[in-house]
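Below is the file final.json, which contains JSON, C-alpha atoms.
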[["chain", "number", "residue", "atom", "x", "y", "z"],
["F", 1, "MET", "CA", -23.21, -9.69, 5.35],
["F", 2, "THR", "CA", -22.86, -6.53, 7.40],
["F", 3, "THR", "CA", -24.96, -3.40, 7.46],
["F", 4, "ASP", "CA", -23.25, -0.03, 7.63],
["F", 5, "LEU", "CA", -24.08, 1.90, 10.78],
["F", 6, "PHE", "CA", -24.30, 5.17, 8.84],
["F", 7, "ASP", "CA", -23.88, 6.67, 5.38],
["F", 8, "ALA", "CA", -20.17, 7.48, 5.22],
["F", 9, "GLY", "CA", -20.58, 9.10, 1.81],
["F", 10, "ALA", "CA", -22.97, 11.66, 3.25],
["F", 11, "MET", "CA", -20.48, 12.60, 5.97],
["F", 12, "TYR", "CA", -17.16, 12.61, 4.14],
["F", 13, "ASP", "CA", -18.16, 14.93, 1.32],
["F", 14, "ASP", "CA", -17.53, 18.45, 0.03],
["F", 15, "ASP", "CA", -19.18, 19.98, 3.11],
["F", 16, "TYR", "CA", -16.65, 18.23, 5.33],
["F", 17, "LEU", "CA", -13.75, 19.60, 3.31],
["F", 18, "TYR", "CA", -15.36, 23.04, 3.25],
["F", 19, "PHE", "CA", -15.53, 23.23, 7.04],
["F", 20, "PHE", "CA", -12.44, 21.32, 8.08],
["F", 21, "THR", "CA", -9.76, 22.16, 5.52],
["F", 22, "ALA", "CA", -10.34, 25.79, 4.50],
["F", 23, "SER", "CA", -7.83, 28.31, 5.83],
["F", 24, "ASP", "CA", -10.56, 30.63, 7.09],
["F", 25, "SER", "CA", -12.56, 27.94, 8.90],
["F", 26, "ALA", "CA", -12.58, 27.67, 12.68],
["F", 27, "PRO", "CA", -13.10, 23.99, 13.60],
["F", 28, "THR", "CA", -13.43, 23.01, 17.22],
["F", 29, "HIS", "CA", -13.70, 19.24, 16.89],
["F", 30, "GLY", "CA", -13.64, 16.50, 14.29],
["F", 31, "PRO", "CA", -11.89, 13.34, 13.11],
["F", 32, "LEU", "CA", -9.31, 15.22, 11.04],
["F", 33, "VAL", "CA", -8.91, 18.46, 12.99],
["F", 34, "GLY", "CA", -8.82, 19.75, 16.53],
["F", 35, "THR", "CA", -6.85, 16.67, 17.54],
["F", 36, "ALA", "CA", -3.92, 18.32, 19.37],
["F", 37, "TYR", "CA", -1.70, 18.08, 16.28],
["F", 38, "ALA", "CA", -0.66, 21.27, 14.51],
["F", 39, "ASP", "CA", -0.39, 19.95, 10.95],
["F", 40, "GLY", "CA", 0.65, 17.06, 8.71],
["F", 41, "THR", "CA", 4.33, 17.75, 9.24],
["F", 42, "GLU", "CA", 3.97, 17.40, 13.00],
["F", 43, "ILE", "CA", 1.94, 14.20, 12.64],
["F", 44, "ALA", "CA", 4.48, 12.75, 10.21],
["F", 45, "GLY", "CA", 7.28, 13.49, 12.65],
["F", 46, "LEU", "CA", 5.46, 11.64, 15.42],
["F", 47, "VAL", "CA", 4.68, 8.65, 13.19],
["F", 48, "TRP", "CA", 8.28, 8.62, 11.95],
["F", 49, "ARG", "CA", 9.58, 8.30, 15.51],
["F", 50, "LEU", "CA", 7.03, 5.81, 16.79],
["F", 51, "LEU", "CA", 7.36, 3.47, 13.82],
["F", 52, "ALA", "CA", 11.11, 3.89, 13.27],
["F", 53, "LEU", "CA", 10.45, 4.84, 9.65],
["F", 54, "GLU", "CA", 13.21, 5.17, 7.08],
["F", 55, "PRO", "CA", 13.22, 6.57, 3.54],
["F", 56, "GLY", "CA", 12.22, 3.94, 1.00],
["F", 57, "MET", "CA", 9.92, 2.01, 3.35],
["F", 58, "THR", "CA", 6.48, 1.03, 2.05],
["F", 59, "VAL", "CA", 3.65, 2.58, 4.05],
["F", 60, "LEU", "CA", -0.12, 2.08, 3.85],
["F", 61, "ASP", "CA", -2.33, 4.86, 5.22],
["F", 62, "VAL", "CA", -5.74, 3.25, 5.88],
["F", 63, "GLY", "CA", -8.51, 5.82, 5.93],
["F", 64, "CYS", "CA", -6.17, 8.43, 4.47],
["F", 65, "GLY", "CA", -8.85, 11.09, 3.97],
["F", 66, "HIS", "CA", -7.62, 13.99, 1.85],
["F", 67, "GLY", "CA", -4.02, 12.85, 2.16],
["F", 68, "VAL", "CA", -2.44, 15.11, 4.77],
["F", 69, "LEU", "CA", -0.41, 12.42, 6.53],
["F", 70, "ALA", "CA", 0.18, 10.30, 3.42],
["F", 71, "ASN", "CA", 1.65, 13.23, 1.53],
["F", 72, "ALA", "CA", 3.81, 14.29, 4.47],
["F", 73, "LEU", "CA", 5.29, 10.78, 4.77],
["F", 74, "ALA", "CA", 5.91, 10.64, 1.03],
["F", 75, "ALA", "CA", 7.73, 13.97, 1.26],
["F", 76, "ARG", "CA", 10.08, 12.30, 3.76],
["F", 77, "GLY", "CA", 10.96, 9.60, 1.24],
["F", 78, "CYS", "CA", 8.54, 6.75, 1.98],
["F", 79, "GLN", "CA", 6.68, 4.84, -0.74],
["F", 80, "VAL", "CA", 3.13, 5.56, 0.39],
["F", 81, "THR", "CA", -0.21, 4.07, -0.58],
["F", 82, "GLY", "CA", -3.34, 5.78, 0.73],
["F", 83, "LEU", "CA", -6.71, 4.05, 0.88],
["F", 84, "ASP", "CA", -10.05, 5.73, 1.49],
["F", 85, "SER", "CA", -13.71, 5.14, 0.63],
["F", 86, "SER", "CA", -14.39, 8.80, -0.21],
["F", 87, "ALA", "CA", -13.82, 9.72, -3.86],
["F", 88, "VAL", "CA", -14.25, 13.39, -2.92],
["F", 89, "PHE", "CA", -11.42, 13.18, -0.40],
["F", 90, "LEU", "CA", -9.15, 11.30, -2.80],
["F", 91, "ASP", "CA", -9.70, 13.87, -5.53],
["F", 92, "ARG", "CA", -8.38, 16.50, -3.11],
["F", 93, "ALA", "CA", -5.50, 14.23, -2.05],
["F", 94, "ARG", "CA", -4.38, 13.58, -5.63],
["F", 95, "ALA", "CA", -4.24, 17.27, -6.58],
["F", 96, "SER", "CA", -0.49, 17.40, -6.00],
["F", 97, "SER", "CA", 0.99, 14.16, -4.74],
["F", 98, "ASP", "CA", 3.49, 11.33, -5.18],
["F", 99, "VAL", "CA", 1.23, 8.97, -3.24],
["F", 100, "ASP", "CA", -0.65, 6.06, -4.82],
["F", 101, "PHE", "CA", -4.19, 6.84, -3.68],
["F", 102, "VAL", "CA", -6.67, 3.97, -3.94],
["F", 103, "LEU", "CA", -10.46, 4.09, -3.64],
["F", 104, "GLY", "CA", -11.39, 1.13, -1.47],
["F", 105, "ASP", "CA", -12.96, -0.33, 1.65],
["F", 106, "MET", "CA", -10.86, -0.93, 4.77],
["F", 107, "ARG", "CA", -13.03, -3.95, 5.56],
["F", 108, "GLU", "CA", -11.62, -5.81, 2.54],
["F", 109, "LEU", "CA", -8.14, -4.76, 1.51],
["F", 110, "PRO", "CA", -6.84, -6.18, -1.80],
["F", 111, "SER", "CA", -5.67, -9.78, -1.54],
["F", 112, "SER", "CA", -2.51, -8.81, -3.43],
["F", 113, "TRP", "CA", -1.50, -6.61, -0.48],
["F", 114, "THR", "CA", -0.83, -9.54, 1.88],
["F", 115, "ALA", "CA", 2.48, -8.92, 3.70],
["F", 116, "ARG", "CA", 3.23, -6.06, 1.30],
["F", 117, "PHE", "CA", 3.87, -3.10, 3.63],
["F", 118, "ASP", "CA", 6.62, -2.27, 6.09],
["F", 119, "ARG", "CA", 4.31, 0.03, 8.03],
["F", 120, "VAL", "CA", 0.58, 0.72, 8.34],
["F", 121, "VAL", "CA", -0.92, 3.90, 9.77],
["F", 122, "ASN", "CA", -4.53, 4.62, 10.69],
["F", 123, "TRP", "CA", -4.91, 8.19, 11.87],
["F", 124, "SER", "CA", -7.38, 10.78, 13.17],
["F", 125, "THR", "CA", -9.98, 8.38, 14.56],
["F", 126, "ALA", "CA", -10.38, 6.47, 11.30],
["F", 127, "PHE", "CA", -11.23, 3.23, 13.14],
["F", 128, "GLY", "CA", -14.33, 2.03, 14.97],
["F", 129, "TYR", "CA", -17.09, 2.95, 12.50],
["F", 130, "PHE", "CA", -18.66, -0.52, 12.25],
["F", 131, "ASP", "CA", -20.06, -3.09, 14.67],
["F", 132, "ASP", "CA", -17.47, -4.82, 16.84],
["F", 133, "PRO", "CA", -17.03, -8.02, 14.78],
["F", 134, "VAL", "CA", -16.37, -5.92, 11.68],
["F", 135, "ASN", "CA", -14.09, -3.53, 13.58],
["F", 136, "ARG", "CA", -12.04, -6.56, 14.61],
["F", 137, "ALA", "CA", -11.99, -7.77, 11.02],
["F", 138, "VAL", "CA", -10.70, -4.36, 9.89],
["F", 139, "LEU", "CA", -7.86, -4.63, 12.39],
["F", 140, "ALA", "CA", -7.07, -8.14, 11.16],
["F", 141, "GLU", "CA", -6.92, -6.78, 7.59],
["F", 142, "MET", "CA", -4.39, -4.16, 8.66],
["F", 143, "ALA", "CA", -2.29, -6.86, 10.29],
["F", 144, "ARG", "CA", -2.56, -9.09, 7.19],
["F", 145, "VAL", "CA", -1.02, -6.53, 4.85],
["F", 146, "LEU", "CA", 1.95, -5.96, 7.17],
["F", 147, "ARG", "CA", 5.14, -7.87, 6.59],
["F", 148, "PRO", "CA", 6.30, -10.04, 9.52],
["F", 149, "GLY", "CA", 8.01, -7.66, 11.90],
["F", 150, "GLY", "CA", 6.23, -4.68, 10.33],
["F", 151, "ARG", "CA", 4.69, -2.02, 12.55],
["F", 152, "LEU", "CA", 1.32, -0.33, 12.85],
["F", 153, "ALA", "CA", 0.28, 2.95, 14.49],
["F", 154, "MET", "CA", -3.30, 3.99, 15.20],
["F", 155, "ASP", "CA", -4.50, 7.37, 16.50],
["F", 156, "LEU", "CA", -7.82, 7.67, 18.34],
["F", 157, "ASP", "CA", -9.66, 9.78, 20.88],
["F", 158, "ASN", "CA", -8.33, 9.13, 24.39],
["F", 159, "LEU", "CA", -11.36, 7.93, 26.33],
["F", 160, "THR", "CA", -10.29, 9.27, 29.72],
["F", 161, "SER", "CA", -10.02, 12.85, 28.45],
["F", 162, "TYR", "CA", -12.72, 12.63, 25.76],
["F", 163, "LEU", "CA", -15.61, 11.62, 28.01],
["F", 164, "PRO", "CA", -15.27, 14.42, 30.60],
["F", 165, "ALA", "CA", -15.27, 16.95, 27.77],
["F", 166, "LEU", "CA", -18.29, 15.42, 25.99],
["F", 167, "THR", "CA", -21.32, 17.70, 25.93],
["F", 168, "PRO", "CA", -24.91, 16.97, 24.80],
["F", 169, "SER", "CA", -24.39, 19.27, 21.81],
["F", 170, "ARG", "CA", -21.83, 21.67, 20.41],
["F", 171, "VAL", "CA", -20.95, 23.83, 17.43],
["F", 172, "THR", "CA", -18.31, 21.62, 15.85],
["F", 173, "ALA", "CA", -17.07, 23.99, 13.16],
["F", 174, "ARG", "CA", -17.93, 27.43, 11.91],
["F", 175, "ARG", "CA", -16.98, 29.79, 9.11],
["F", 176, "PRO", "CA", -16.77, 33.59, 9.35],
["F", 177, "ASN", "CA", -19.80, 33.95, 7.06],
["F", 178, "GLY", "CA", -22.01, 32.15, 9.60],
["F", 179, "ASP", "CA", -21.96, 28.68, 8.04],
["F", 180, "MET", "CA", -21.55, 26.00, 10.73],
["F", 181, "LEU", "CA", -21.83, 22.37, 11.79],
["F", 182, "VAL", "CA", -23.84, 21.61, 14.92],
["F", 183, "ASP", "CA", -23.60, 18.17, 16.54],
["F", 184, "VAL", "CA", -25.91, 16.47, 19.03],
["F", 185, "HIS", "CA", -24.31, 13.54, 20.89],
["F", 186, "ASP", "CA", -25.82, 10.33, 22.24],
["F", 187, "LEU", "CA", -23.51, 7.81, 23.95],
["F", 188, "ASP", "CA", -24.71, 4.24, 24.52],
["F", 189, "PRO", "CA", -22.76, 2.93, 27.55],
["F", 190, "LEU", "CA", -23.65, -0.67, 26.71],
["F", 191, "THR", "CA", -21.89, -0.57, 23.35],
["F", 192, "MET", "CA", -19.67, 2.52, 23.81],
["F", 193, "ARG", "CA", -20.97, 3.78, 20.50],
["F", 194, "LEU", "CA", -21.28, 7.54, 20.18],
["F", 195, "SER", "CA", -24.07, 8.51, 17.79],
["F", 196, "VAL", "CA", -23.84, 12.04, 16.43],
["F", 197, "THR", "CA", -26.66, 13.85, 14.67],
["F", 198, "ARG", "CA", -25.07, 16.61, 12.64],
["F", 199, "THR", "CA", -26.86, 19.62, 11.18],
["F", 200, "VAL", "CA", -24.99, 21.29, 8.34],
["F", 201, "LEU", "CA", -25.83, 24.97, 7.81],
["F", 202, "ARG", "CA", -24.28, 26.26, 4.58],
["F", 203, "ASP", "CA", -25.25, 28.95, 2.09],
["F", 204, "GLY", "CA", -28.64, 29.40, 3.77],
["F", 205, "ARG", "CA", -29.50, 25.70, 3.49],
["F", 206, "ALA", "CA", -29.67, 23.02, 6.18],
["F", 207, "ARG", "CA", -29.30, 19.26, 6.06],
["F", 208, "THR", "CA", -29.01, 16.60, 8.74],
["F", 209, "LEU", "CA", -26.92, 13.43, 8.81],
["F", 210, "THR", "CA", -25.92, 10.87, 11.44],
["F", 211, "PHE", "CA", -22.64, 9.10, 12.06],
["F", 212, "VAL", "CA", -21.48, 6.63, 14.68],
["F", 213, "LYS", "CA", -18.09, 5.90, 16.15],
["F", 214, "ARG", "CA", -16.90, 3.42, 18.75],
["F", 215, "LEU", "CA", -14.99, 4.72, 21.77],
["F", 216, "PHE", "CA", -12.19, 2.57, 23.19],
["F", 217, "ALA", "CA", -10.10, 2.33, 26.32],
["F", 218, "PHE", "CA", -6.52, 1.19, 25.86],
["F", 219, "PRO", "CA", -6.76, -2.25, 27.58],
["F", 220, "GLU", "CA", -9.66, -3.33, 25.38],
["F", 221, "LEU", "CA", -8.01, -2.29, 22.15],
["F", 222, "ARG", "CA", -4.67, -3.77, 23.24],
["F", 223, "ASP", "CA", -6.43, -7.14, 23.54],
["F", 224, "TRP", "CA", -7.94, -6.70, 20.08],
["F", 225, "PHE", "CA", -4.50, -5.98, 18.65],
["F", 226, "GLU", "CA", -3.04, -9.09, 20.23],
["F", 227, "THR", "CA", -5.89, -11.24, 18.92],
["F", 228, "ALA", "CA", -5.16, -9.88, 15.43],
["F", 229, "GLY", "CA", -1.54, -11.03, 15.70],
["F", 230, "LEU", "CA", -0.01, -7.71, 16.73],
["F", 231, "THR", "CA", 2.47, -7.77, 19.61],
["F", 232, "ASP", "CA", 4.39, -5.33, 21.80],
["F", 233, "VAL", "CA", 1.35, -3.04, 21.91],
["F", 234, "ARG", "CA", 2.22, 0.32, 23.44],
["F", 235, "GLY", "CA", 0.12, 3.36, 24.30],
["F", 236, "HIS", "CA", 1.25, 6.93, 23.66],
["F", 237, "GLY", "CA", -0.17, 10.42, 23.89],
["F", 238, "GLU", "CA", -0.14, 12.98, 21.10],
["F", 239, "ASP", "CA", 3.41, 13.99, 22.04],
["F", 240, "GLY", "CA", 4.74, 10.45, 21.64],
["F", 241, "GLY", "CA", 5.25, 10.05, 25.38],
["F", 242, "PRO", "CA", 3.46, 7.48, 27.54],
["F", 243, "LEU", "CA", -0.33, 7.58, 27.41],
["F", 244, "THR", "CA", -1.82, 9.37, 30.42],
["F", 245, "ALA", "CA", -5.37, 10.05, 31.56],
["F", 246, "GLY", "CA", -4.95, 13.65, 30.41],
["F", 247, "SER", "CA", -3.61, 12.89, 26.93],
["F", 248, "HIS", "CA", -5.84, 14.35, 24.23],
["F", 249, "ARG", "CA", -5.07, 11.49, 21.84],
["F", 250, "MET", "CA", -4.43, 7.77, 22.27],
["F", 251, "VAL", "CA", -1.82, 6.39, 19.88],
["F", 252, "LEU", "CA", -1.29, 2.64, 19.80],
["F", 253, "ALA", "CA", 1.89, 1.29, 18.26],
["F", 254, "ALA", "CA", 2.45, -2.43, 17.69],
["F", 255, "ARG", "CA", 4.42, -4.97, 15.67],
["F", 256, "ARG", "CA", 3.21, -7.87, 13.54],
["F", 257, "ALA", "CA", 4.43, -11.17, 14.92]]
What would you get if you wrote out this structure as structure tokens?
Amino acid sequence: MTTDLFDAGAMYDDDYLYFFTASDSAPTHGPLVGTAYADGTEIAGLVWRLLALEPGMTVLDVGCGHGVLANALAARGCQVTGLDSSAVFLDRARASSDVDFVLGDMRELPSSWTARFDRVVNWSTAFGYFDDPVNRAVLAEMARVLRPGGRLAMDLDNLTSYLPALTPSRVTARRPNGDMLVDVHDLDPLTMRLSVTRTVLRDGRARTLTFVKRLFAFPELRDWFETAGLTDVRGHGEDGGPLTAGSHRMVLAARRA
């Protein structure tokens, strides 16, 4: 039995959508925004190229959030399933969509999904939120639901550019009316877990929550992929070119053996 490192429900809630999806918000950092991608269309184009997608292919978006990428891929003709643990996010995703959105836990994907999908995507740092054995198990679950020869793409912070830019604290997002999110960072170099204490200031009220994410370098995660049965693991930047030390994002693309 595993213990969650933080309360995901407290983080991925209406406040998150309020700050990170509103047209008049000004986010500076976060799992779904500020990631060097302009919008869902741009992300979908990158994923389409890296995974050699074609209309009609079955795609699973693990940790789909409020459905930006899933909906963009469906608009291009893929048969998309999106899975997330946040009912709030899925309600937003389902508002206008042809995607099959499923409330679920990435640690235990449905047994009926074994070898079901042509492609799996995991985007906007939606990996690394558990202890390492469970993170590895999550990756193995993603590999399990891929058909033999199927492909997976994962988008994460690029460690070599993320760490130099890391500050002890920062205003992560703000709204014109003065509402904001303020984060305080604490990196444990022994585990490479970044703990973030977030203060949410909204409508004159304040609340505090904590979340944790694992930071990865490419060689370590490449080895994890290979252990999970994923081969031909390649590293890319946010433009789809080769991963460099200066890339803002690290995108891993691989194939199930």
Query raised in the report: Which protein, DNA or RNA residues are at most 9 Å from (10.8, 12.3, 5.4) in the file's coordinates when you count only C-alpha atoms, listed as number ranges by chain?
Result: F: 44-45, 48, 53-55, 72-78
Written file, previous selection with C-alpha atoms, as a JSON list (two decimals), keeping the file's coordinate frame:
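Heads up, here's the output in selection_18.json:
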[["chain", "number", "residue", "atom", "x", "y", "z"],
["F", 44, "ALA", "CA", 4.48, 12.75, 10.21],
["F", 45, "GLY", "CA", 7.28, 13.49, 12.65],
["F", 48, "TRP", "CA", 8.28, 8.62, 11.95],
["F", 53, "LEU", "CA", 10.45, 4.84, 9.65],
["F", 54, "GLU", "CA", 13.21, 5.17, 7.08],
["F", 55, "PRO", "CA", 13.22, 6.57, 3.54],
["F", 72, "ALA", "CA", 3.81, 14.29, 4.47],
["F", 73, "LEU", "CA", 5.29, 10.78, 4.77],
["F", 74, "ALA", "CA", 5.91, 10.64, 1.03],
["F", 75, "ALA", "CA", 7.73, 13.97, 1.26],
["F", 76, "ARG", "CA", 10.08, 12.30, 3.76],
["F", 77, "GLY", "CA", 10.96, 9.60, 1.24],
["F", 78, "CYS", "CA", 8.54, 6.75, 1.98]]
Query raised in the report: What separation in Å, quoted to one decimal, exists between CA of Val80 in chain F and CA of Asp131 in chain F?
Result: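 Atom-to-atom, CA of Val80 in chain F and CA of Asp131 in chain F are spaced 28.6 Å apart.
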Query raised in the report: How far is it from CA of Thr231 in chain F to CA of Leu243 in chain F, in Å with one decimal?
Result: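 That distance, rounded to one decimal, is 17.4 Å.
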Query raised in the report: So what do you get for CA of Arg234 in chain F versus CA of Phe20 in chain F, distance-wise?
Result: 29.9 Å
**Report entry** Exercise: range 211-226 of chain F partners within 6 Å, all atoms listed in the file, chain neighbours under 2 positions left out, as a list in words
**Finding:**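 Using all atoms listed in the file, the neighbours found are Phe6, Gly128, Tyr129, Leu159, Met192, Arg193, Leu194, Ser195, Val196, Ala228, Gly229, Leu230 and Thr231 of chain F.
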Just write the chosen residues, C-alpha atoms, as a PDB file, in the coordinates of the input.
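The resulting file, result37.pdb, is shown below:
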ATOM      1  CA  PHE F   6     -24.300   5.170   8.840  1.00  0.00           C
ATOM      2  CA  GLY F 128     -14.330   2.030  14.970  1.00  0.00           C
ATOM      3  CA  TYR F 129     -17.090   2.950  12.500  1.00  0.00           C
ATOM      4  CA  LEU F 159     -11.360   7.930  26.330  1.00  0.00           C
ATOM      5  CA  MET F 192     -19.670   2.520  23.810  1.00  0.00           C
ATOM      6  CA  ARG F 193     -20.970   3.780  20.500  1.00  0.00           C
ATOM      7  CA  LEU F 194     -21.280   7.540  20.180  1.00  0.00           C
ATOM      8  CA  SER F 195     -24.070   8.510  17.790  1.00  0.00           C
ATOM      9  CA  VAL F 196     -23.840  12.040  16.430  1.00  0.00           C
ATOM     10  CA  ALA F 228      -5.160  -9.880  15.430  1.00  0.00           C
ATOM     11  CA  GLY F 229      -1.540 -11.030  15.700  1.00  0.00           C
ATOM     12  CA  LEU F 230      -0.010  -7.710  16.730  1.00  0.00           C
ATOM     13  CA  THR F 231       2.470  -7.770  19.610  1.00  0.00           C
TER      14      THR F 231
END
Given all atoms listed in the file, how would the per-residue table for range 144-247 of chain F near range 96-112 of chain F read, listing every residue at most 12 Å away with its closest atom pair and distance in Å to one decimal, sorted by chain and number, as a Markdown table?
| residue | atom | partner | partner_atom | distance |
| --- | --- | --- | --- | --- |
| F:Arg144 | CA | F:Leu109 | CA | 9.1 |
| F:Val145 | CA | F:Leu109 | CA | 8.1 |
| F:Leu146 | CA | F:Leu109 | CA | 11.6 |
Requested in this report: Considering all atoms listed in the file, return as a PyMOL selection string whatever protein or nucleic-acid residues lie within 10 Å of Leu90 in chain F, sequence-local ones (same chain, fewer than 5 positions apart) excluded.
Outcome: chain F and resi 64-67+82-85+95+101-103
**Report entry** For range 15-17 of chain F: contacts at 9 Å, only C-alpha atoms, fewer than 5 positions along chain excluded, given as a list in words
**Finding:** Ala22, His66, Val88, Phe89, Arg92, Val200 and Arg202 of chain F
Requested in this report: Please return, as a PyMOL selection string, all polymer residues that have at least one atom within 12 Å of the point (7.4, -3.5, 11.6); use all atoms listed in the file and the file's own coordinate frame.
Outcome: chain F and resi 50-54+57-59+115-121+143+145-153+230-233+253-257
Report task. Tell me which of F:Thr41, F:Asp132, F:Gly237, F:Phe19 sits closest to Asn177 in chain F, counting only C-alpha atoms. Result ->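 The shortest atom-to-atom distance to Asn177 in chain F comes from F:Phe19.
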Query raised in the report: With distances taken over all atoms listed in the file, which of F:Leu156, F:Leu69, F:Leu201, F:Val62 is nearest to Ala173 in chain F?
Result: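 Looking at the shortest contact to Ala173 in chain F, the residue is F:Leu201.
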